[in-house]
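J.: Okay, here's the structure, questions in a sec.
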Amino acid sequence: MPDSHHALLTLARALSFGLIFIVLSRKLRMPTLVFLLGGGILCGPQFLGILDPDSLGDFLPVIVSLAVGVILFEGGLTLDIKGYFGGSRVIKRMLTFGVLITWLGSASAVKFFFGLDWGMALLSASLVIVTGPTVIAPLLKRIRIQPRLHHILQWEGVLIDVIGVFIALLCFEWVTAQSGAGGQAFLNFGMRAITGLITGVAGGWAIYLALKWRLVPDNLVNAFALAMAILLFGIAETLRSEAGLLTVTIAGLVVGWKRPVDLQRIREFKGEITELLIGMLFMLLSARLDLARFGAFGLAGVFALAVVLLIVRPLSIIVCTWGSSLNWRERVFLSWVAPRGIVAGSMASLFSLALARHAGATEGFDARFIETFAYSVIVSTVILQGFSAGWLAWALRLLQPAPTGWLVLGSHRFARALAGFVGRHTGTPAILLDRNQREAAQAARDGLSVLVGDALDPERLLAQHDLVHAGHLLALTDNSDLNELACHRWSELIARDHLYRWSTDHASARERRAGQGDPIWTELPRPSLVSEELVSSESATEEITVETPAPLPLHSLPLLLARDGRVTPVTAAGYEPRKGDHVLVIRRTGSYLAAALSAGALIDVPGDTMQAPYTALLEALQKKHPALNIPDLQAELKARADSFPFDIGHGVSVPHAYAPQLTGRVCLLARDRETNSLTFLVLSPHSDADGHLATLGEIARACSQAERRHHLLLARNLAAVIAHASEYAHA
């Protein structure tokens with residue numbers, strides 16, 4: 001009977017230490033598996049004794065089974081079937097012929113060198129099929145190989161996980177079913193497979209329908225998905241022992257295939273839970289590894305590993321790349337780089353624990369052999385290939401220079417102007433990313449590179465598209481919080497000092513260090529409004545070549561600087577001109593106030609009525625826009641005036657409000673030449689808050705000097721007032 005206190009301490013330490021080691025590996029840009037394996041062994045009974053997996057007793061297989069079930073459910077959610085069918089011929093071969101060659105070749109090596117029966121040999125080999133994105137993605141990010149090699153290895157890691165798990169599960173079902181005699185073995189195997197398939201499909205479909213019909217409150221969607229995965233695991237285990245893992249994998253595949261609205265949220269949540277469980281699992285499982293077993297492998301183990309690494313993988317690559325355009329250097333690199341990952345290790349330990357309970361299926365066989373063999377392959381590939389891949393890519397001349405390209409979130413007119421400048425001065429086209437099909441189509445017609453996709457799912461985008469040239473990110477959506485979140489998501493893939501975002505306020509240095517991106521152009525209104533101004537010619541972008549170290553033209557805001565073949569965002573305060581610089585600037589060519597006056601009116605009122613100018617203004621407004629609800633507008637103006645006076649000094653008053661019936665800004669000017677008074681009535685739709693505030697700012701600027709007020713008072717007509725307003729907007 002395990003000591004409950006000791007067991008609790010072991011679980012708590014495994015959970016916390018596992019996540020700490022994951023964080024350390026990410027910070028140091030080292031393979032996560034190295035930290036987890038080394039940390040688990042160091043903290044285990046053979047060294048520090050901080051972790052004692054045996055204290056969990058019979059609960060250890062239960063904990064491992066549930067954790068692996070959740071991990072496999074998340075793996076099923078992330079499988080992209082469309083991506084497989086859209087992949088290259090080499091990728092499809094690697095996921096079919098390549099998997100088969102790796103499986104059978106490794107099984108042959110195990111059988112020949114260790115003398116196992118074919119069932120155990122195939123089960124042992126099935127665990128080393130998968131490479132896994134958790135080891136491939138950090139490796140590819142670190143060494144930056146050529147695009148098509150990056151694409152092949154990335155897709156192999158993403159898709160082979162689930163394929164390998166299916167094969168491993170089926171092998172396990174077959175081996176454990178051998179406890180029956182003759183036809184009974186086939187019956188046991190068939191019943192487990194059918195139970196897993198039926199329960200998984202039905203459960204996955206039920207989860208999808210519950211999400212589709214909105215039966216689950218939004219704040220419980222993630223918890224619901226996790227609970228249902230665990231419930232399906234329990235149901236399958238109740239119906240047929242050892243059928244739970246196949247069930248949750250199938251359920252995840254069904255939900256991922258049907259793609260409910262909440263799928264992205266579930267993936268994010270499950271991804272975080274999976275990280276937590278992976279850390280805990282590997283601390284527990286590596287702590288129970290007996291290092292003496294690895295030494296006992298002897299020459300047989302060395303030869304088996306050599307066959308797997310030096311014969312089976314190269315043979316697989318030769319077959320899968322036959323007739324392709326890959327050259328010999330690329331094939332050599334693919335033949336060497338295939339590090340095994342976390343799924344292989346966790347499945348090996350789980351099967352080892354489970355086989356120990358099936359005496360009939362493992363008679364004369366050490367159940368921990370498959371665990372020792374799998375971890376031997378994992379450690380060998382992670383250390384040998386992980387640390388030598390960069391050197392090999394350099395020696396084979398397959399390394400790419402540091403990426404200078406840009407990924408711009410948004411495809412509106414403003415984003416297109418920025419992308420054009422980047423492409424001209426870096427030699428690498430900027431890639432626009434948007435979910436708006438119409439704007440994306442317009443960007444494509446303009447000759448720009450554009451993708452339609454979700455900016456908050458960088459892993460999927462990298463798997464589906466060639467984005468290895470993207471070394472900078474510029475988030476240009478109207479939602480500053482969304483821009484910050486996008487920068488956070490891409491901070492693991494793009495250097496943090498190359499993440500930029502439009503924002504309404506400045507972020508602190510602490511936020512930037514956390515990976516939320518550098519806020520730029522905070523003085524600009526929302527990007528969609530800037531785009532509208534560019535379309536309507538109220539604003540214009542212009543590329544300036546600096547001939548002398550002199551200030552930029554007045555009333556222009558610098559946006560991007562091209563210098564020495566690199567492009568960086570700049571601001572007016574932080575830019576010092578240098579001869580030869582190329583600067584993209586934006587300047588307003590129109591006036592918010594002038595545009596609003598064009599839709600309004602000019603009223604000259606005698607002094608005796610100027611005591612209540614609102615009456616004359618509202619009467620004129622009623623004639624100009626009869627659909628407006630004047631009584632409601634009067635009430636709102638009065639309420640605003642009571643809380644904050646509209647007078648801004650020097651005889652100028654600016655009553656203003658929002659009118660939902662309007663489709664654009666309107667400004668009416670009432671003036672009394674006897675008292676030198678000006679009253680601007682400004683009305684805007686709720687959707688144009690930026691334009692509303694900008695109009696008020698231009699009124700304040702236009703009336704800031706006595707000479708300007710005098711010109712407005714003496715202007716002959718509305719056209720003259722509009723001309724003055726346009727002049728003062730940029731003065």
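In the structure tokens, each chain is lettered A, B, ... as it comes, each chain's residues begin at 1, and ligands are numbered from 1 in order of appearance.
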As number ranges by chain, please: every residue in range 475-699 of chain A that DSSP puts in strand (DSSP E).

T.: A: 475, 499-502, 518-520, 539-545, 556-563, 566-569, 582-588, 601-604, 647-649, 652-653, 656-658, 666-672, 677-684

J.: Which residues are near range 278-294 of chain A? Cut-off 7 Å, only C-alpha atoms, ignore same chain within fewer than 5 positions. Put them as a PyMOL selection string.

T.: chain A and resi 14-15+18-19+22+36-37+39-41+43-45+51+53+64+349+372

J.: Please dump the current selection as an mmCIF file, in the first residue's frame; keep C-alpha atoms.

T.:
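Okay, selection_22.cif is ready:
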data_model
loop_
_atom_site.group_PDB
_atom_site.id
_atom_site.type_symbol
_atom_site.label_atom_id
_atom_site.label_comp_id
_atom_site.auth_asym_id
_atom_site.auth_seq_id
_atom_site.Cartn_x
_atom_site.Cartn_y
_atom_site.Cartn_z
ATOM 1 C CA ALA A 14 6.828 16.093 -10.752
ATOM 2 C CA LEU A 15 4.174 18.579 -11.846
ATOM 3 C CA GLY A 18 8.393 19.364 -15.109
ATOM 4 C CA LEU A 19 7.049 22.790 -16.020
ATOM 5 C CA ILE A 22 10.162 23.149 -19.887
ATOM 6 C CA LEU A 36 13.034 16.586 -18.905
ATOM 7 C CA LEU A 37 14.948 13.333 -19.233
ATOM 8 C CA GLY A 39 15.971 16.368 -14.799
ATOM 9 C CA GLY A 40 13.855 13.281 -14.149
ATOM 10 C CA ILE A 41 16.865 10.980 -13.849
ATOM 11 C CA CYS A 43 15.651 13.881 -9.312
ATOM 12 C CA GLY A 44 14.915 10.136 -9.299
ATOM 13 C CA PRO A 45 15.836 7.462 -6.761
ATOM 14 C CA LEU A 51 10.978 11.811 -6.987
ATOM 15 C CA PRO A 53 7.505 6.944 -8.866
ATOM 16 C CA VAL A 64 0.056 7.784 -17.042
ATOM 17 C CA SER A 349 6.399 3.835 -20.636
ATOM 18 C CA THR A 372 14.461 0.927 -22.635
#

J.: Neighbouring residues of Ile311 in chain A were defined as those with any atom within 12 Å, considering only C-alpha atoms; residues of the same chain fewer than 2 positions away were excluded. Please report them as a list in words.

T.: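 The residues that qualify are Ile101, Thr102, Gly105, Ser106, Ser108, Ala109, Phe303, Ala304, Leu305, Ala306, Val307, Val308, Leu309, Arg313, Pro314, Leu315, Ser316, Ile317, Ile318, Ser335 and Trp336 of chain A.
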
J.: Take the residues from that selection and put them in a file with C-alpha atoms, as a short mmCIF file (atom, residue, chain, number, x, y, z; two decimals), in the first residue's frame.

T.:
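The file below, out-v1.cif, is the result:
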data_model
loop_
_atom_site.label_atom_id
_atom_site.label_comp_id
_atom_site.auth_asym_id
_atom_site.auth_seq_id
_atom_site.Cartn_x
_atom_site.Cartn_y
_atom_site.Cartn_z
CA ILE A 101 9.88 1.14 -43.96
CA THR A 102 10.75 2.64 -40.56
CA GLY A 105 13.04 -2.07 -40.68
CA SER A 106 13.25 -1.23 -36.98
CA SER A 108 13.62 -6.50 -38.11
CA ALA A 109 16.59 -5.02 -36.26
CA PHE A 303 23.94 -2.43 -33.51
CA ALA A 304 20.15 -2.10 -33.35
CA LEU A 305 20.44 1.67 -32.85
CA ALA A 306 22.93 1.91 -35.69
CA VAL A 307 20.52 0.10 -38.02
CA VAL A 308 17.63 2.38 -37.04
CA LEU A 309 19.65 5.58 -37.43
CA ARG A 313 16.08 6.19 -42.03
CA PRO A 314 18.35 6.68 -45.09
CA LEU A 315 16.57 3.81 -46.86
CA SER A 316 13.22 5.45 -46.13
CA ILE A 317 14.43 8.80 -47.51
CA ILE A 318 15.88 7.17 -50.65
CA SER A 335 18.43 10.96 -43.82
CA TRP A 336 20.16 12.12 -40.64
#

J.: Mind checking which residues fall within 9 Å of Ala419 in chain A, counting only C-alpha atoms, ignoring those fewer than 2 positions away in the same chain, and posting them as a ChimeraX atom specification?

T.: /A:406-408,414-417,421-424,429-432,448-449

J.: Using N, CA and C atoms, can you write the selected residues to a file as a PDB file, in the first residue's frame?

T.:
ATOM      1  N   TRP A 406       8.831  40.291 -44.057  1.00  0.00           N
ATOM      2  CA  TRP A 406       7.840  40.819 -43.125  1.00  0.00           C
ATOM      3  C   TRP A 406       6.515  40.095 -43.307  1.00  0.00           C
ATOM      4  N   LEU A 407       5.863  39.850 -42.183  1.00  0.00           N
ATOM      5  CA  LEU A 407       4.493  39.348 -42.174  1.00  0.00           C
ATOM      6  C   LEU A 407       3.621  40.458 -41.599  1.00  0.00           C
ATOM      7  N   VAL A 408       2.676  40.946 -42.400  1.00  0.00           N
ATOM      8  CA  VAL A 408       1.825  42.066 -42.003  1.00  0.00           C
ATOM      9  C   VAL A 408       0.414  41.541 -41.784  1.00  0.00           C
ATOM     10  N   PHE A 414      -3.785  50.651 -46.175  1.00  0.00           N
ATOM     11  CA  PHE A 414      -2.622  51.082 -45.400  1.00  0.00           C
ATOM     12  C   PHE A 414      -1.575  49.970 -45.364  1.00  0.00           C
ATOM     13  N   ALA A 415      -2.006  48.738 -45.069  1.00  0.00           N
ATOM     14  CA  ALA A 415      -1.079  47.608 -45.022  1.00  0.00           C
ATOM     15  C   ALA A 415      -0.436  47.371 -46.385  1.00  0.00           C
ATOM     16  N   ARG A 416      -1.200  47.554 -47.450  1.00  0.00           N
ATOM     17  CA  ARG A 416      -0.648  47.330 -48.788  1.00  0.00           C
ATOM     18  C   ARG A 416       0.443  48.350 -49.120  1.00  0.00           C
ATOM     19  N   ALA A 417       0.263  49.594 -48.672  1.00  0.00           N
ATOM     20  CA  ALA A 417       1.295  50.611 -48.907  1.00  0.00           C
ATOM     21  C   ALA A 417       2.586  50.252 -48.170  1.00  0.00           C
ATOM     22  N   PHE A 421       6.470  49.045 -49.837  1.00  0.00           N
ATOM     23  CA  PHE A 421       7.749  49.661 -49.460  1.00  0.00           C
ATOM     24  C   PHE A 421       8.736  48.599 -48.992  1.00  0.00           C
ATOM     25  N   VAL A 422       8.267  47.665 -48.146  1.00  0.00           N
ATOM     26  CA  VAL A 422       9.145  46.606 -47.641  1.00  0.00           C
ATOM     27  C   VAL A 422       9.690  45.771 -48.791  1.00  0.00           C
ATOM     28  N   GLY A 423       8.824  45.375 -49.711  1.00  0.00           N
ATOM     29  CA  GLY A 423       9.256  44.543 -50.828  1.00  0.00           C
ATOM     30  C   GLY A 423      10.288  45.228 -51.707  1.00  0.00           C
ATOM     31  N   ARG A 424      10.133  46.537 -51.911  1.00  0.00           N
ATOM     32  CA  ARG A 424      11.070  47.272 -52.771  1.00  0.00           C
ATOM     33  C   ARG A 424      12.460  47.369 -52.160  1.00  0.00           C
ATOM     34  N   PRO A 429       9.369  39.885 -50.825  1.00  0.00           N
ATOM     35  CA  PRO A 429       8.007  40.417 -50.721  1.00  0.00           C
ATOM     36  C   PRO A 429       7.440  40.259 -49.319  1.00  0.00           C
ATOM     37  N   ALA A 430       6.833  41.320 -48.818  1.00  0.00           N
ATOM     38  CA  ALA A 430       6.120  41.215 -47.547  1.00  0.00           C
ATOM     39  C   ALA A 430       4.870  40.372 -47.768  1.00  0.00           C
ATOM     40  N   ILE A 431       4.510  39.580 -46.769  1.00  0.00           N
ATOM     41  CA  ILE A 431       3.333  38.716 -46.872  1.00  0.00           C
ATOM     42  C   ILE A 431       2.222  39.307 -46.025  1.00  0.00           C
ATOM     43  N   LEU A 432       1.089  39.575 -46.655  1.00  0.00           N
ATOM     44  CA  LEU A 432      -0.082  40.086 -45.958  1.00  0.00           C
ATOM     45  C   LEU A 432      -0.936  38.913 -45.497  1.00  0.00           C
ATOM     46  N   LEU A 448       0.610  41.761 -54.663  1.00  0.00           N
ATOM     47  CA  LEU A 448       1.256  41.501 -53.378  1.00  0.00           C
ATOM     48  C   LEU A 448       1.034  40.056 -52.951  1.00  0.00           C
ATOM     49  N   SER A 449       1.930  39.539 -52.112  1.00  0.00           N
ATOM     50  CA  SER A 449       1.776  38.194 -51.559  1.00  0.00           C
ATOM     51  C   SER A 449       0.791  38.261 -50.397  1.00  0.00           C
TER      52      SER A 449
END

J.: Would you mind reading off the distance between CA of Gly410 in chain A and CA of Asn436 in chain A, one decimal, in Å?

T.: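 Distance reported for this atom pair: 8.4 Å.
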
J.: Write out as number ranges by chain the residues lying within 10 Å of Phe233 in chain A, counting only C-alpha atoms and excluding same-chain residues fewer than 2 positions away.

T.: A: 65-66, 69-70, 73, 196, 199-200, 203, 227-231, 235-238, 242-249, 251

J.: Store the residues picked out above in a file with C-alpha atoms, as a PDB file, in the first residue's frame.

T.:
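Written file, result.pdb:
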ATOM      1  CA  SER A  65      -2.912   6.377 -18.977  1.00  0.00           C
ATOM      2  CA  LEU A  66      -5.086   9.422 -18.286  1.00  0.00           C
ATOM      3  CA  GLY A  69      -5.100   9.981 -23.215  1.00  0.00           C
ATOM      4  CA  VAL A  70      -5.362  13.768 -22.896  1.00  0.00           C
ATOM      5  CA  PHE A  73      -6.827  13.733 -27.754  1.00  0.00           C
ATOM      6  CA  GLY A 196     -12.194   2.207 -29.629  1.00  0.00           C
ATOM      7  CA  THR A 199     -16.762   4.956 -28.946  1.00  0.00           C
ATOM      8  CA  GLY A 200     -14.298   7.469 -30.382  1.00  0.00           C
ATOM      9  CA  GLY A 203     -17.960  10.602 -28.583  1.00  0.00           C
ATOM     10  CA  ALA A 227     -13.979  16.467 -19.217  1.00  0.00           C
ATOM     11  CA  MET A 228     -15.516  14.740 -22.239  1.00  0.00           C
ATOM     12  CA  ALA A 229     -12.141  13.370 -23.333  1.00  0.00           C
ATOM     13  CA  ILE A 230     -11.608  11.882 -19.872  1.00  0.00           C
ATOM     14  CA  LEU A 231     -15.191  10.556 -19.807  1.00  0.00           C
ATOM     15  CA  ILE A 235     -16.317   4.626 -20.944  1.00  0.00           C
ATOM     16  CA  ALA A 236     -14.036   2.805 -23.385  1.00  0.00           C
ATOM     17  CA  GLU A 237     -12.007   1.265 -20.555  1.00  0.00           C
ATOM     18  CA  THR A 238     -15.245   0.106 -18.944  1.00  0.00           C
ATOM     19  CA  GLU A 242      -7.043  -0.956 -22.964  1.00  0.00           C
ATOM     20  CA  ALA A 243      -9.454   0.592 -25.508  1.00  0.00           C
ATOM     21  CA  GLY A 244      -9.350   4.106 -24.015  1.00  0.00           C
ATOM     22  CA  LEU A 245      -6.306   5.434 -25.855  1.00  0.00           C
ATOM     23  CA  LEU A 246      -7.670   4.544 -29.288  1.00  0.00           C
ATOM     24  CA  THR A 247     -11.012   6.072 -28.305  1.00  0.00           C
ATOM     25  CA  VAL A 248      -9.678   9.505 -27.328  1.00  0.00           C
ATOM     26  CA  THR A 249      -7.408   9.641 -30.382  1.00  0.00           C
ATOM     27  CA  ALA A 251     -12.550  11.451 -30.808  1.00  0.00           C
TER      28      ALA A 251
END

J.: Excluding Pro645 in chain A and its own-chain neighbours fewer than 6 positions away, which residues fall within 12 Å of it when counting only C-alpha atoms? Please give them as a list in words.

T.: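 Within the cut-off, the hits are Leu637, Lys638, Ala639, Val652, Ser653, Val654, Pro655 and His656 of chain A.
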
J.: Can I get the selection written as a CSV table (one decimal), in the first residue's frame, with N, CA and C atoms?

T.:
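Written out: again-v5.csv:
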chain,number,residue,atom,x,y,z
A,637,LEU,N,-27.5,66.9,-26.1
A,637,LEU,CA,-26.6,68.0,-26.1
A,637,LEU,C,-26.7,68.7,-24.7
A,638,LYS,N,-28.0,68.8,-24.2
A,638,LYS,CA,-28.2,69.5,-22.9
A,638,LYS,C,-27.5,68.7,-21.8
A,639,ALA,N,-27.6,67.4,-21.8
A,639,ALA,CA,-27.0,66.5,-20.8
A,639,ALA,C,-25.4,66.7,-20.9
A,652,VAL,N,-15.6,80.8,-28.7
A,652,VAL,CA,-15.8,79.6,-29.5
A,652,VAL,C,-16.5,78.6,-28.6
A,653,SER,N,-17.6,78.0,-29.2
A,653,SER,CA,-18.3,76.9,-28.5
A,653,SER,C,-18.4,75.7,-29.5
A,654,VAL,N,-18.2,74.5,-28.9
A,654,VAL,CA,-18.3,73.3,-29.8
A,654,VAL,C,-19.2,72.2,-29.2
A,655,PRO,N,-20.5,72.4,-29.3
A,655,PRO,CA,-21.4,71.4,-28.9
A,655,PRO,C,-21.2,70.2,-29.9
A,656,HIS,N,-21.2,69.0,-29.3
A,656,HIS,CA,-21.0,67.8,-30.2
A,656,HIS,C,-21.7,66.6,-29.5

J.: Choose the residue, out of A:Ala601, A:Leu693, A:Leu418, A:Leu211, that has the smallest atom-to-atom separation from His625 in chain A; count only C-alpha atoms.

T.: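 Nearest candidate to His625 in chain A out of A:Ala601, A:Leu693, A:Leu418, A:Leu211: A:Ala601.
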
J.: If we count only C-alpha atoms, what is near Pro401 in chain A at a cut-off of 9 Å, once residues fewer than 3 positions away on the same chain are taken out, given as a short mmCIF file (atom, residue, chain, number, x, y, z; two decimals) with C-alpha atoms, in the first residue's frame?

T.:
data_model
loop_
_atom_site.label_atom_id
_atom_site.label_comp_id
_atom_site.auth_asym_id
_atom_site.auth_seq_id
_atom_site.Cartn_x
_atom_site.Cartn_y
_atom_site.Cartn_z
CA ARG A 144 16.96 27.86 -40.30
CA ILE A 145 17.42 25.43 -43.15
CA THR A 404 14.50 39.80 -43.51
#

J.: Select from range 413-443 of chain A everything DSSP, run on the backbone, classes as helix (DSSP H, G or I), then give the selection as a list in words.

T.: Arg413, Phe414, Ala415, Arg416, Ala417, Leu418, Ala419, Gly420, Phe421, Val422, Gly423, Arg424, His425, Thr426, Gln437, Arg438, Glu439, Ala440, Ala441, Gln442 and Ala443 of chain A

J.: With C-alpha atoms retained, write the just-selected residues as a tab-separated table (two decimals), in the first residue's frame.

T.:
chain	number	residue	atom	x	y	z
A	413	ARG	CA	-4.98	49.93	-48.17
A	414	PHE	CA	-2.62	51.08	-45.40
A	415	ALA	CA	-1.08	47.61	-45.02
A	416	ARG	CA	-0.65	47.33	-48.79
A	417	ALA	CA	1.30	50.61	-48.91
A	418	LEU	CA	3.64	49.38	-46.18
A	419	ALA	CA	4.07	45.97	-47.84
A	420	GLY	CA	5.02	47.59	-51.13
A	421	PHE	CA	7.75	49.66	-49.46
A	422	VAL	CA	9.14	46.61	-47.64
A	423	GLY	CA	9.26	44.54	-50.83
A	424	ARG	CA	11.07	47.27	-52.77
A	425	HIS	CA	13.83	47.71	-50.21
A	426	THR	CA	14.43	44.20	-48.83
A	437	GLN	CA	-11.51	37.63	-48.35
A	438	ARG	CA	-12.40	40.84	-50.18
A	439	GLU	CA	-9.39	42.83	-48.95
A	440	ALA	CA	-7.09	39.86	-49.52
A	441	ALA	CA	-8.32	39.54	-53.12
A	442	GLN	CA	-7.62	43.23	-53.71
A	443	ALA	CA	-4.10	42.83	-52.32

J.: In Å, rounded to a single decimal, give me how far CA of Val605 in chain A is from CA of Gln622 in chain A.

T.: 16.8 Å

J.: With distances taken over only C-alpha atoms, which of A:Leu398, A:Ala374, A:Ala296, A:Val343 is nearest to Val135 in chain A?

T.: A:Val343

J.: With distances taken over only C-alpha atoms, which of A:Arg501, A:Arg368, A:Arg267, A:His472 is nearest to Glu484 in chain A?

T.: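 Of A:Arg501, A:Arg368, A:Arg267, A:His472, the one nearest Glu484 in chain A, counting only C-alpha atoms, is A:Arg501.
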
J.: So the first atom is CA of Leu696 in chain A and the second is CA of Phe680 in chain A; what is the distance between them in Å, to one decimal place?

T.: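 A separation of 9.2 Å between them.
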